[in-house]
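Have a look at start07.pdb; it's PDB, C-alpha atoms:
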ATOM      1  CA  MET A 868     -46.238 -29.042  11.880
ATOM      2  CA  GLY A 869     -47.912 -26.586  14.299
ATOM      3  CA  LYS A 870     -47.857 -22.830  14.170
ATOM      4  CA  GLY A 871     -45.313 -22.669  17.017
ATOM      5  CA  SER A 872     -42.817 -24.986  15.350
ATOM      6  CA  GLY A 873     -43.250 -23.108  12.082
ATOM      7  CA  PHE A 874     -42.466 -19.831  13.776
ATOM      8  CA  ILE A 875     -39.377 -21.345  15.377
ATOM      9  CA  LYS A 876     -38.277 -22.649  11.972
ATOM     10  CA  VAL A 877     -38.587 -19.169  10.520
ATOM     11  CA  LEU A 878     -36.500 -17.775  13.378
ATOM     12  CA  GLU A 879     -33.858 -20.411  12.730
ATOM     13  CA  ILE A 880     -33.690 -19.448   9.061
ATOM     14  CA  ILE A 881     -33.423 -15.753   9.935
ATOM     15  CA  PHE A 882     -30.654 -16.561  12.423
ATOM     16  CA  ILE A 883     -28.700 -18.548   9.834
ATOM     17  CA  VAL A 884     -29.051 -15.774   7.262
ATOM     18  CA  LEU A 885     -27.857 -13.213   9.790
ATOM     19  CA  MET A 886     -24.855 -15.351  10.706
ATOM     20  CA  VAL A 887     -23.933 -15.755   7.028
ATOM     21  CA  CYS A 888     -24.177 -11.985   6.507
ATOM     22  CA  ILE A 889     -22.096 -11.276   9.587
ATOM     23  CA  ALA A 890     -19.517 -13.854   8.534
ATOM     24  CA  ALA A 891     -19.361 -12.322   5.087
ATOM     25  CA  GLY A 892     -18.858  -8.889   6.619
ATOM     26  CA  VAL A 893     -16.077 -10.124   8.882
ATOM     27  CA  SER A 894     -14.423 -11.886   5.956
ATOM     28  CA  GLU A 895     -14.605  -8.718   3.871
ATOM     29  CA  ALA A 896     -13.111  -6.637   6.677
ATOM     30  CA  GLN A 897     -10.170  -9.025   6.928
ATOM     31  CA  GLU A 898      -8.898  -8.116   3.476
ATOM     32  CA  LEU A 899      -7.426  -4.835   2.240
ATOM     33  CA  VAL A 900      -6.509  -3.835  -1.293
ATOM     34  CA  VAL A 901      -3.436  -1.609  -1.271
ATOM     35  CA  TYR A 902      -2.292   0.419  -4.268
ATOM     36  CA  SER A 903       1.394   1.082  -3.645
ATOM     37  CA  GLY A 904       3.832   3.340  -5.440
ATOM     38  CA  ARG A 905       6.478   2.135  -3.005
ATOM     39  CA  GLY A 906       8.793  -0.655  -4.211
ATOM     40  CA  GLU A 907       7.347  -4.040  -3.245
ATOM     41  CA  ARG A 908      10.563  -5.299  -1.668
ATOM     42  CA  LEU A 909      10.546  -2.282   0.654
ATOM     43  CA  ILE A 910       6.901  -2.298   1.682
ATOM     44  CA  LYS A 911       6.027  -6.011   1.742
ATOM     45  CA  PRO A 912       7.931  -6.964   4.932
ATOM     46  CA  VAL A 913       5.979  -4.330   6.868
ATOM     47  CA  LEU A 914       2.669  -5.432   5.369
ATOM     48  CA  ASP A 915       3.471  -9.069   6.158
ATOM     49  CA  GLU A 916       4.120  -8.126   9.781
ATOM     50  CA  PHE A 917       0.789  -6.271   9.904
ATOM     51  CA  THR A 918      -1.005  -9.362   8.570
ATOM     52  CA  LYS A 919       0.789 -11.556  11.084
ATOM     53  CA  ARG A 920      -0.369  -9.356  13.959
ATOM     54  CA  THR A 921      -3.934  -8.683  12.833
ATOM     55  CA  GLY A 922      -4.932 -11.490  10.481
ATOM     56  CA  ILE A 923      -5.905  -8.877   7.889
ATOM     57  CA  LYS A 924      -4.812 -10.030   4.454
ATOM     58  CA  ILE A 925      -3.194  -7.513   2.101
ATOM     59  CA  ILE A 926      -3.736  -7.659  -1.659
ATOM     60  CA  LEU A 927      -0.896  -5.533  -3.015
ATOM     61  CA  HIS A 928      -0.904  -3.784  -6.382
ATOM     62  CA  SER A 929       2.409  -2.063  -7.117
ATOM     63  CA  ALA A 930       3.046   0.531  -9.816
ATOM     64  CA  GLY A 931       4.327   4.088 -10.177
ATOM     65  CA  THR A 932       2.987   6.644  -7.695
ATOM     66  CA  VAL A 933       1.539   8.974 -10.354
ATOM     67  CA  GLU A 934       0.358   6.049 -12.474
ATOM     68  CA  LEU A 935      -1.693   4.804  -9.523
ATOM     69  CA  LEU A 936      -3.118   8.274  -8.870
ATOM     70  CA  ASN A 937      -4.322   8.429 -12.461
ATOM     71  CA  LYS A 938      -5.753   4.920 -12.103
ATOM     72  CA  LEU A 939      -7.686   5.932  -8.994
ATOM     73  CA  ILE A 940      -9.100   8.993 -10.753
ATOM     74  CA  VAL A 941     -10.256   6.878 -13.707
ATOM     75  CA  GLU A 942     -11.734   4.169 -11.459
ATOM     76  CA  GLY A 943     -13.612   6.685  -9.321
ATOM     77  CA  ASP A 944     -16.277   5.087  -7.122
ATOM     78  CA  ARG A 945     -15.596   1.717  -8.776
ATOM     79  CA  SER A 946     -12.080   1.457  -7.382
ATOM     80  CA  PRO A 947     -11.383  -1.717  -5.381
ATOM     81  CA  ALA A 948      -8.567   0.024  -3.492
ATOM     82  CA  ASP A 949      -8.769   0.626   0.245
ATOM     83  CA  VAL A 950      -5.390   2.264   0.823
ATOM     84  CA  TYR A 951      -3.045   4.317  -1.370
ATOM     85  CA  PHE A 952       0.703   4.374  -0.612
ATOM     86  CA  THR A 953       3.088   6.744  -2.383
ATOM     87  CA  VAL A 954       6.741   7.765  -2.417
ATOM     88  CA  ASP A 955       5.776  11.430  -2.360
ATOM     89  CA  ALA A 956       3.605  13.742  -0.245
ATOM     90  CA  GLY A 957       2.829  16.008  -3.187
ATOM     91  CA  THR A 958       0.950  13.230  -4.941
ATOM     92  CA  LEU A 959      -0.954  12.440  -1.759
ATOM     93  CA  GLU A 960      -2.018  16.066  -1.502
ATOM     94  CA  ARG A 961      -3.146  15.961  -5.128
ATOM     95  CA  ALA A 962      -5.248  12.902  -4.230
ATOM     96  CA  ARG A 963      -6.743  14.774  -1.263
ATOM     97  CA  ILE A 964      -7.590  17.808  -3.399
ATOM     98  CA  ALA A 965      -9.227  15.481  -5.945
ATOM     99  CA  GLY A 966     -11.520  14.173  -3.192
ATOM    100  CA  LEU A 967     -10.102  10.650  -3.246
ATOM    101  CA  LEU A 968      -9.080  10.355   0.402
ATOM    102  CA  HIS A 969     -10.900   9.805   3.688
ATOM    103  CA  ALA A 970     -10.205  12.013   6.714
ATOM    104  CA  ILE A 971      -8.949  10.099   9.756
ATOM    105  CA  LYS A 972      -9.501  10.754  13.454
ATOM    106  CA  SER A 973      -6.726   8.987  15.355
ATOM    107  CA  GLU A 974      -4.849   9.672  18.563
ATOM    108  CA  VAL A 975      -2.020   7.420  17.338
ATOM    109  CA  ILE A 976      -1.475   9.593  14.267
ATOM    110  CA  THR A 977      -1.868  12.898  16.104
ATOM    111  CA  LYS A 978       0.574  11.802  18.790
ATOM    112  CA  ASN A 979       3.235  10.212  16.586
ATOM    113  CA  ILE A 980       3.277  12.211  13.342
ATOM    114  CA  PRO A 981       4.283  15.916  13.344
ATOM    115  CA  ALA A 982       1.645  18.217  11.888
ATOM    116  CA  LYS A 983       3.893  19.394   9.019
ATOM    117  CA  ILE A 984       4.238  15.773   7.837
ATOM    118  CA  ARG A 985       0.522  14.969   7.452
ATOM    119  CA  ALA A 986      -2.590  16.520   5.978
ATOM    120  CA  SER A 987      -4.520  18.880   8.242
ATOM    121  CA  ASP A 988      -7.407  16.382   8.339
ATOM    122  CA  ASN A 989      -5.083  13.336   8.479
ATOM    123  CA  SER A 990      -6.421  12.137   5.139
ATOM    124  CA  TRP A 991      -2.815  11.334   4.317
ATOM    125  CA  VAL A 992       0.036  10.580   6.686
ATOM    126  CA  GLY A 993       3.803  10.502   6.229
ATOM    127  CA  PHE A 994       5.529   7.243   7.152
ATOM    128  CA  SER A 995       9.229   7.770   6.460
ATOM    129  CA  LEU A 996      11.249  10.934   5.908
ATOM    130  CA  ARG A 997      13.723  11.516   3.093
ATOM    131  CA  ILE A 998      15.841  14.621   2.591
ATOM    132  CA  ARG A 999      17.310  16.168  -0.559
ATOM    133  CA  VAL A1000      21.094  16.345  -0.447
ATOM    134  CA  ILE A1001      24.020  17.142  -2.711
ATOM    135  CA  ALA A1002      26.153  14.127  -3.521
ATOM    136  CA  TYR A1003      29.706  15.105  -4.401
ATOM    137  CA  ASN A1004      33.187  13.822  -5.170
ATOM    138  CA  PRO A1005      35.447  15.111  -2.344
ATOM    139  CA  LYS A1006      38.484  14.886  -4.622
ATOM    140  CA  ARG A1007      36.972  17.486  -6.944
ATOM    141  CA  VAL A1008      34.625  19.583  -4.784
ATOM    142  CA  LYS A1009      35.007  21.281  -1.419
ATOM    143  CA  THR A1010      32.063  21.337   0.957
ATOM    144  CA  ASP A1011      32.130  25.119   1.299
ATOM    145  CA  GLU A1012      31.371  25.321  -2.454
ATOM    146  CA  ILE A1013      27.999  23.575  -2.066
ATOM    147  CA  LYS A1014      26.317  24.993   1.013
ATOM    148  CA  THR A1015      23.012  25.564  -0.785
ATOM    149  CA  PHE A1016      21.184  24.187  -3.812
ATOM    150  CA  ASP A1017      21.645  27.622  -5.397
ATOM    151  CA  SER A1018      25.397  27.016  -5.329
ATOM    152  CA  LEU A1019      24.846  24.517  -8.136
ATOM    153  CA  THR A1020      23.623  27.268 -10.477
ATOM    154  CA  GLU A1021      27.071  28.892 -10.497
ATOM    155  CA  THR A1022      28.876  28.699 -13.836
ATOM    156  CA  LYS A1023      31.820  26.801 -12.339
ATOM    157  CA  PHE A1024      29.565  23.728 -12.177
ATOM    158  CA  LYS A1025      28.757  23.799 -15.896
ATOM    159  CA  GLY A1026      29.128  20.247 -17.205
ATOM    160  CA  ARG A1027      29.790  18.947 -13.687
ATOM    161  CA  LEU A1028      26.225  18.578 -12.353
ATOM    162  CA  GLY A1029      23.977  15.516 -12.562
ATOM    163  CA  LEU A1030      20.198  15.648 -12.185
ATOM    164  CA  ARG A1031      17.307  13.221 -12.106
ATOM    165  CA  THR A1032      14.688  13.624 -14.821
ATOM    166  CA  GLY A1033      12.220  16.467 -14.397
ATOM    167  CA  SER A1034       9.359  14.022 -14.972
ATOM    168  CA  ASN A1035      10.102  12.322 -11.653
ATOM    169  CA  VAL A1036       8.042  13.186  -8.563
ATOM    170  CA  TYR A1037      11.170  13.829  -6.472
ATOM    171  CA  SER A1038      12.304  16.592  -8.816
ATOM    172  CA  GLN A1039       8.755  17.934  -9.042
ATOM    173  CA  SER A1040       8.225  17.991  -5.274
ATOM    174  CA  HIS A1041      11.570  19.706  -4.760
ATOM    175  CA  ALA A1042      10.508  22.414  -7.219
ATOM    176  CA  ALA A1043       7.098  22.679  -5.532
ATOM    177  CA  MET A1044       8.747  23.254  -2.156
ATOM    178  CA  MET A1045      10.928  25.962  -3.691
ATOM    179  CA  ILE A1046       7.850  27.675  -5.131
ATOM    180  CA  ALA A1047       6.283  27.657  -1.673
ATOM    181  CA  GLU A1048       9.482  29.124  -0.226
ATOM    182  CA  ARG A1049      10.421  31.760  -2.803
ATOM    183  CA  GLY A1050       7.790  32.003  -5.521
ATOM    184  CA  GLU A1051       7.624  30.997  -9.183
ATOM    185  CA  THR A1052       9.993  33.608 -10.607
ATOM    186  CA  GLU A1053      12.940  32.694  -8.396
ATOM    187  CA  THR A1054      12.264  28.973  -8.767
ATOM    188  CA  GLU A1055      12.259  29.343 -12.547
ATOM    189  CA  LYS A1056      15.652  31.074 -12.409
ATOM    190  CA  TYR A1057      16.983  28.231 -10.248
ATOM    191  CA  LEU A1058      15.663  25.536 -12.589
ATOM    192  CA  LYS A1059      17.178  27.242 -15.614
ATOM    193  CA  GLY A1060      20.499  27.512 -13.778
ATOM    194  CA  ILE A1061      20.803  23.859 -12.810
ATOM    195  CA  LEU A1062      19.544  22.747 -16.217
ATOM    196  CA  ALA A1063      22.200  24.838 -17.972
ATOM    197  CA  ASN A1064      24.930  23.290 -15.815
ATOM    198  CA  ALA A1065      23.659  19.721 -16.173
ATOM    199  CA  GLY A1066      23.316  19.787 -19.955
ATOM    200  CA  ASP A1067      22.685  16.214 -21.077
ATOM    201  CA  ARG A1068      23.644  14.711 -17.725
ATOM    202  CA  ILE A1069      20.042  13.932 -16.825
ATOM    203  CA  TYR A1070      19.659  10.504 -15.250
ATOM    204  CA  PRO A1071      16.613   8.188 -15.071
ATOM    205  CA  SER A1072      17.030   7.513 -11.343
ATOM    206  CA  ASP A1073      18.673   8.866  -8.212
ATOM    207  CA  SER A1074      20.728   5.691  -7.968
ATOM    208  CA  ARG A1075      22.135   6.300 -11.451
ATOM    209  CA  ALA A1076      22.980   9.921 -10.527
ATOM    210  CA  VAL A1077      24.767   8.712  -7.375
ATOM    211  CA  GLU A1078      26.722   6.194  -9.436
ATOM    212  CA  ALA A1079      27.685   8.968 -11.858
ATOM    213  CA  VAL A1080      29.296  10.904  -9.002
ATOM    214  CA  ALA A1081      31.084   7.850  -7.632
ATOM    215  CA  LYS A1082      32.446   6.901 -11.075
ATOM    216  CA  GLY A1083      33.540  10.420 -12.046
ATOM    217  CA  GLU A1084      30.957  11.172 -14.745
ATOM    218  CA  VAL A1085      29.889  14.268 -12.796
ATOM    219  CA  ASP A1086      31.238  15.995  -9.697
ATOM    220  CA  VAL A1087      27.920  16.763  -7.966
ATOM    221  CA  ALA A1088      24.300  15.594  -8.104
ATOM    222  CA  ILE A1089      20.993  16.339  -6.368
ATOM    223  CA  VAL A1090      19.481  13.172  -4.892
ATOM    224  CA  ASN A1091      17.541  11.728  -1.971
ATOM    225  CA  HIS A1092      19.899  10.835   0.865
ATOM    226  CA  TYR A1093      19.170   7.108   1.140
ATOM    227  CA  TYR A1094      20.393   6.385  -2.380
ATOM    228  CA  ILE A1095      23.873   7.314  -1.216
ATOM    229  CA  TYR A1096      23.721   4.957   1.751
ATOM    230  CA  GLY A1097      22.406   2.223  -0.522
ATOM    231  CA  HIS A1098      25.207   2.704  -3.040
ATOM    232  CA  LEU A1099      27.934   2.641  -0.388
ATOM    233  CA  ARG A1100      26.520  -0.496   1.218
ATOM    234  CA  LYS A1101      26.920  -2.269  -2.120
ATOM    235  CA  ASN A1102      30.128  -0.467  -3.136
ATOM    236  CA  PRO A1103      32.060   0.414   0.041
ATOM    237  CA  SER A1104      35.215   1.170  -1.945
ATOM    238  CA  ASP A1105      33.447   4.192  -3.492
ATOM    239  CA  GLY A1106      33.593   6.012  -0.152
ATOM    240  CA  ALA A1107      36.636   7.924  -1.393
ATOM    241  CA  THR A1108      34.715   9.440  -4.314
ATOM    242  CA  LEU A1109      31.203   9.744  -2.879
ATOM    243  CA  LYS A1110      30.085  11.927   0.023
ATOM    244  CA  PHE A1111      27.107  14.192   0.592
ATOM    245  CA  VAL A1112      26.210  17.471   2.245
ATOM    246  CA  VAL A1113      22.816  18.603   3.471
ATOM    247  CA  PRO A1114      22.076  22.143   2.224
ATOM    248  CA  GLN A1115      20.707  24.765   4.594
ATOM    249  CA  GLU A1116      16.996  24.255   5.325
ATOM    250  CA  THR A1117      16.931  21.356   2.929
ATOM    251  CA  ALA A1118      13.966  20.216   0.884
ATOM    252  CA  TYR A1119      12.331  17.090   2.233
ATOM    253  CA  ASN A1120       9.593  14.620   1.435
ATOM    254  CA  VAL A1121       7.998  11.460   2.772
ATOM    255  CA  SER A1122       6.670   8.150   1.683
ATOM    256  CA  GLY A1123       3.155   7.969   3.051
ATOM    257  CA  GLY A1124      -0.388   6.844   2.583
ATOM    258  CA  GLY A1125      -4.077   7.426   3.027
ATOM    259  CA  ILE A1126      -7.419   5.656   3.048
ATOM    260  CA  LEU A1127      -9.574   5.881  -0.068
ATOM    261  CA  ARG A1128     -12.921   7.608   0.373
ATOM    262  CA  THR A1129     -14.596   4.698  -1.437
ATOM    263  CA  SER A1130     -13.060   1.984   0.768
ATOM    264  CA  LYS A1131     -15.594  -0.431   2.249
ATOM    265  CA  ASN A1132     -13.106  -1.482   4.927
ATOM    266  CA  LYS A1133     -12.180   1.811   6.543
ATOM    267  CA  ASP A1134     -11.768   0.411  10.054
ATOM    268  CA  ALA A1135      -9.262  -2.195   8.894
ATOM    269  CA  ALA A1136      -7.583   0.394   6.671
ATOM    270  CA  GLN A1137      -7.169   2.734   9.627
ATOM    271  CA  ARG A1138      -5.552  -0.076  11.600
ATOM    272  CA  LEU A1139      -2.972  -0.359   8.806
ATOM    273  CA  ILE A1140      -2.281   3.391   8.715
ATOM    274  CA  GLU A1141      -1.954   3.435  12.504
ATOM    275  CA  PHE A1142       0.443   0.495  12.392
ATOM    276  CA  MET A1143       2.599   2.425   9.937
ATOM    277  CA  ALA A1144       2.504   5.385  12.332
ATOM    278  CA  SER A1145       3.320   3.273  15.395
ATOM    279  CA  ASP A1146       6.799   3.125  16.885
ATOM    280  CA  GLU A1147       7.437  -0.347  15.548
ATOM    281  CA  GLY A1148       5.940   0.330  12.147
ATOM    282  CA  GLN A1149       8.042   3.480  11.830
ATOM    283  CA  THR A1150      11.214   1.616  12.708
ATOM    284  CA  MET A1151      10.521  -1.275  10.331
ATOM    285  CA  PHE A1152       9.508   0.968   7.460
ATOM    286  CA  ALA A1153      12.479   3.296   7.680
ATOM    287  CA  TYR A1154      15.332   1.249   9.080
ATOM    288  CA  GLU A1155      16.278  -1.083   6.263
ATOM    289  CA  ASN A1156      16.211   1.596   3.565
ATOM    290  CA  ARG A1157      18.090   4.190   5.662
ATOM    291  CA  GLU A1158      15.200   6.632   5.767
ATOM    292  CA  TYR A1159      14.328   8.686   8.829
ATOM    293  CA  PRO A1160      11.259   7.828  10.913
ATOM    294  CA  VAL A1161       8.860  10.759  10.695
ATOM    295  CA  ASN A1162       8.402  10.538  14.452
ATOM    296  CA  PRO A1163      11.522  12.369  15.728
ATOM    297  CA  LYS A1164      11.452  10.302  18.921
ATOM    298  CA  ILE A1165      12.216   7.120  16.988
ATOM    299  CA  PRO A1166      15.955   6.762  16.322
ATOM    300  CA  ALA A1167      17.222   6.315  12.779
ATOM    301  CA  HIS A1168      19.817   3.735  11.823
ATOM    302  CA  PRO A1169      23.035   4.398  13.785
ATOM    303  CA  ASP A1170      25.069   4.715  10.568
ATOM    304  CA  MET A1171      23.017   7.690   9.421
ATOM    305  CA  LEU A1172      23.640  11.398   9.861
ATOM    306  CA  LYS A1173      22.054  12.521  13.130
ATOM    307  CA  ARG A1174      18.878  14.549  12.796
ATOM    308  CA  ASP A1175      20.292  17.445  14.808
ATOM    309  CA  LYS A1176      22.906  17.939  12.077
ATOM    310  CA  PHE A1177      20.440  19.296   9.535
ATOM    311  CA  THR A1178      17.376  21.536   9.326
ATOM    312  CA  LEU A1179      14.325  20.905   7.182
ATOM    313  CA  SER A1180      12.588  23.563   5.122
ATOM    314  CA  HIS A1181       9.992  25.474   7.125
ATOM    315  CA  VAL A1182       7.365  24.587   4.492
ATOM    316  CA  PRO A1183       4.784  21.983   5.632
ATOM    317  CA  LEU A1184       4.345  19.151   3.162
ATOM    318  CA  TRP A1185       0.639  19.845   2.685
ATOM    319  CA  THR A1186       1.544  23.375   1.542
ATOM    320  CA  MET A1187       4.192  22.033  -0.830
ATOM    321  CA  GLY A1188       1.659  19.607  -2.266
ATOM    322  CA  ARG A1189      -0.592  22.439  -3.368
ATOM    323  CA  TYR A1190       2.139  23.685  -5.716
ATOM    324  CA  MET A1191       2.749  20.353  -7.441
ATOM    325  CA  MET A1192       0.852  21.158 -10.630
ATOM    326  CA  THR A1193       2.474  24.607 -10.772
ATOM    327  CA  ALA A1194       5.873  22.944 -10.393
ATOM    328  CA  ILE A1195       5.132  20.431 -13.148
ATOM    329  CA  ASP A1196       4.091  23.253 -15.485
ATOM    330  CA  LEU A1197       7.225  25.232 -14.620
ATOM    331  CA  ILE A1198       9.500  22.243 -15.169
ATOM    332  CA  ASP A1199       7.911  21.743 -18.567
ATOM    333  CA  LYS A1200       8.247  25.453 -19.365
ATOM    334  CA  VAL A1201      12.025  25.481 -18.845
ATOM    335  CA  GLY A1202      12.505  22.264 -20.825
ATOM    336  CA  TYR A1203      13.577  20.105 -17.892
ATOM    337  CA  ARG A1204      12.671  16.676 -19.212
TER     338      ARG A1204
END
Can you present the structure in this file as structure tokens?
Amino acid sequence: MGKGSGFIKVLEIIFIVLMVCIAAGVSEAQELVVYSGRGERLIKPVLDEFTKRTGIKIILHSAGTVELLNKLIVEGDRSPADVYFTVDAGTLERARIAGLLHAIKSEVITKNIPAKIRASDNSWVGFSLRIRVIAYNPKRVKTDEIKTFDSLTETKFKGRLGLRTGSNVYSQSHAAMMIAERGETETEKYLKGILANAGDRIYPSDSRAVEAVAKGEVDVAIVNHYYIYGHLRKNPSDGATLKFVVPQETAYNVSGGGILRTSKNKDAAQRLIEFMASDEGQTMFAYENREYPVNPKIPAHPDMLKRDKFTLSHVPLWTMGRYMMTAIDLIDKVGYR
């Protein structure tokens, strides 16, 4: 074999090696590991649609939102996760502060997601909006008695109020938003007031608290709005004993997500986040579970309360998220388990 043919052979080998490396890179980019605190039945249809459209396979690991945050912290740079989904913006902000998330530059996100519902650097983005409401039994409570969350601290509601556990992120984020609004001292007074009225009527889930109102165990409860819609879809006859009001400048939260700083597939991960922020992704993600799209231009389910009928707290979610640890400490201080 001459020198020329030998050189060509070497070029052929180099070409083959390059093609294998490129193919391996493409294959790697077509797979995303998602850590999700969102219930699998709620998130999987959207992820399946994303895979159908892009060919990018999703490996889904589902667990509790805070449990996954702790897992990411322990895994550090060794984490296989590309994307982190949660049911709570406060936990996402904790992840950002811990340096776990990757900042995103995206016209899709900037255009579709209001600034108060995403991190300032887009390292996390809200997908679907949920509001805190007061579920009540209209046979026992008048709406003018429960115009604000503070109304529930009045002594007339002693033994009549149901709460979700203080260890839950919904309760913690609500307290964090109150701290941002009014400070620790006033929030502590509020927490002590609702705890005194609830007594032992502390429920493990919002759905259980909603059921307690419908069945007459309690007269009022603080819950996320979509649990009420979900209960009435399954139990339409409970409409006579279960309604809700939205307090003035109500607390709110989002399910959302971000890209992990250590992800090796950031381009593919950004495509997923942008799909969630797109008009269609917003509609799919929020519609079935009766949540509100975070993009106010996308209509919610027609059965839901119109968005112009309530006002959200003026506090941006990224600000609320900074008070999460303070809220957790305060909840523990007052004995709200």
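Interatomic distance, CA of Lys1014 (chain A) to CA of Arg1027 (chain A): 16.3 Å.
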Choose the residue, out of A:Phe1111, A:Val1121, A:Gln1039, A:Gly1188, that has the smallest atom-to-atom separation from Phe952 (chain A); count all atoms listed in the file.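 Counting all atoms listed in the file, the residue closest to Phe952 (chain A) is A:Val1121.
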Selection dump of the PyMOL selection byres ((chain A and resi 942-950) around 10), as a ChimeraX atom specification: /A:898-903,926-928,936-941,951-952,966-969,1124-1133,1135-1137,1139-1140
Let me make sure I understand: among A:Asn1162, A:Gly1123, A:Pro1114, A:Arg905, which one has the smallest atom-to-atom distance to Ile980 (chain A) if we use only C-alpha atoms?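 Closest candidate: A:Asn1162.
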Which residue, A:Ser1104, A:Asp1196, A:Gln897, A:Gly957, has the smallest gap to Lys919 (chain A) when you use only C-alpha atoms? A:Gln897
Quick one: everything within 10 Å of Asp1105 (chain A), counting only C-alpha atoms, minus sequence neighbours fewer than 3 positions away in the same chain. Send it as a ChimeraX atom specification. /A:1004,1078,1080-1082,1098-1102,1108-1110
Target residues per the PyMOL selection byres ((chain A and resi 1155-1160) around 12), formatted as a ChimeraX atom specification: /A:905-906,908-910,912-913,954,979-981,984,993-999,1091-1100,1119-1123,1143-1154,1161-1174
Next, write the just-selected residues to a file, as a PDB file, in the coordinates of the input, keeping C-alpha atoms as the atom set.
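Just written: result.pdb:
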ATOM      1  CA  ARG A 905       6.478   2.135  -3.005  1.00  0.00           C
ATOM      2  CA  GLY A 906       8.793  -0.655  -4.211  1.00  0.00           C
ATOM      3  CA  ARG A 908      10.563  -5.299  -1.668  1.00  0.00           C
ATOM      4  CA  LEU A 909      10.546  -2.282   0.654  1.00  0.00           C
ATOM      5  CA  ILE A 910       6.901  -2.298   1.682  1.00  0.00           C
ATOM      6  CA  PRO A 912       7.931  -6.964   4.932  1.00  0.00           C
ATOM      7  CA  VAL A 913       5.979  -4.330   6.868  1.00  0.00           C
ATOM      8  CA  VAL A 954       6.741   7.765  -2.417  1.00  0.00           C
ATOM      9  CA  ASN A 979       3.235  10.212  16.586  1.00  0.00           C
ATOM     10  CA  ILE A 980       3.277  12.211  13.342  1.00  0.00           C
ATOM     11  CA  PRO A 981       4.283  15.916  13.344  1.00  0.00           C
ATOM     12  CA  ILE A 984       4.238  15.773   7.837  1.00  0.00           C
ATOM     13  CA  GLY A 993       3.803  10.502   6.229  1.00  0.00           C
ATOM     14  CA  PHE A 994       5.529   7.243   7.152  1.00  0.00           C
ATOM     15  CA  SER A 995       9.229   7.770   6.460  1.00  0.00           C
ATOM     16  CA  LEU A 996      11.249  10.934   5.908  1.00  0.00           C
ATOM     17  CA  ARG A 997      13.723  11.516   3.093  1.00  0.00           C
ATOM     18  CA  ILE A 998      15.841  14.621   2.591  1.00  0.00           C
ATOM     19  CA  ARG A 999      17.310  16.168  -0.559  1.00  0.00           C
ATOM     20  CA  ASN A1091      17.541  11.728  -1.971  1.00  0.00           C
ATOM     21  CA  HIS A1092      19.899  10.835   0.865  1.00  0.00           C
ATOM     22  CA  TYR A1093      19.170   7.108   1.140  1.00  0.00           C
ATOM     23  CA  TYR A1094      20.393   6.385  -2.380  1.00  0.00           C
ATOM     24  CA  ILE A1095      23.873   7.314  -1.216  1.00  0.00           C
ATOM     25  CA  TYR A1096      23.721   4.957   1.751  1.00  0.00           C
ATOM     26  CA  GLY A1097      22.406   2.223  -0.522  1.00  0.00           C
ATOM     27  CA  HIS A1098      25.207   2.704  -3.040  1.00  0.00           C
ATOM     28  CA  LEU A1099      27.934   2.641  -0.388  1.00  0.00           C
ATOM     29  CA  ARG A1100      26.520  -0.496   1.218  1.00  0.00           C
ATOM     30  CA  TYR A1119      12.331  17.090   2.233  1.00  0.00           C
ATOM     31  CA  ASN A1120       9.593  14.620   1.435  1.00  0.00           C
ATOM     32  CA  VAL A1121       7.998  11.460   2.772  1.00  0.00           C
ATOM     33  CA  SER A1122       6.670   8.150   1.683  1.00  0.00           C
ATOM     34  CA  GLY A1123       3.155   7.969   3.051  1.00  0.00           C
ATOM     35  CA  MET A1143       2.599   2.425   9.937  1.00  0.00           C
ATOM     36  CA  ALA A1144       2.504   5.385  12.332  1.00  0.00           C
ATOM     37  CA  SER A1145       3.320   3.273  15.395  1.00  0.00           C
ATOM     38  CA  ASP A1146       6.799   3.125  16.885  1.00  0.00           C
ATOM     39  CA  GLU A1147       7.437  -0.347  15.548  1.00  0.00           C
ATOM     40  CA  GLY A1148       5.940   0.330  12.147  1.00  0.00           C
ATOM     41  CA  GLN A1149       8.042   3.480  11.830  1.00  0.00           C
ATOM     42  CA  THR A1150      11.214   1.616  12.708  1.00  0.00           C
ATOM     43  CA  MET A1151      10.521  -1.275  10.331  1.00  0.00           C
ATOM     44  CA  PHE A1152       9.508   0.968   7.460  1.00  0.00           C
ATOM     45  CA  ALA A1153      12.479   3.296   7.680  1.00  0.00           C
ATOM     46  CA  TYR A1154      15.332   1.249   9.080  1.00  0.00           C
ATOM     47  CA  VAL A1161       8.860  10.759  10.695  1.00  0.00           C
ATOM     48  CA  ASN A1162       8.402  10.538  14.452  1.00  0.00           C
ATOM     49  CA  PRO A1163      11.522  12.369  15.728  1.00  0.00           C
ATOM     50  CA  LYS A1164      11.452  10.302  18.921  1.00  0.00           C
ATOM     51  CA  ILE A1165      12.216   7.120  16.988  1.00  0.00           C
ATOM     52  CA  PRO A1166      15.955   6.762  16.322  1.00  0.00           C
ATOM     53  CA  ALA A1167      17.222   6.315  12.779  1.00  0.00           C
ATOM     54  CA  HIS A1168      19.817   3.735  11.823  1.00  0.00           C
ATOM     55  CA  PRO A1169      23.035   4.398  13.785  1.00  0.00           C
ATOM     56  CA  ASP A1170      25.069   4.715  10.568  1.00  0.00           C
ATOM     57  CA  MET A1171      23.017   7.690   9.421  1.00  0.00           C
ATOM     58  CA  LEU A1172      23.640  11.398   9.861  1.00  0.00           C
ATOM     59  CA  LYS A1173      22.054  12.521  13.130  1.00  0.00           C
ATOM     60  CA  ARG A1174      18.878  14.549  12.796  1.00  0.00           C
TER      61      ARG A1174
END
Target residues per the PyMOL selection byres ((chain A and resi 932) around 7), formatted as a list in words: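 Going through the file, the PyMOL selection byres ((chain A and resi 932) around 7) ends up selecting Gly904, Ala930, Gly931, Val933, Glu934, Leu935, Leu936, Thr953 and Val954 of chain A.
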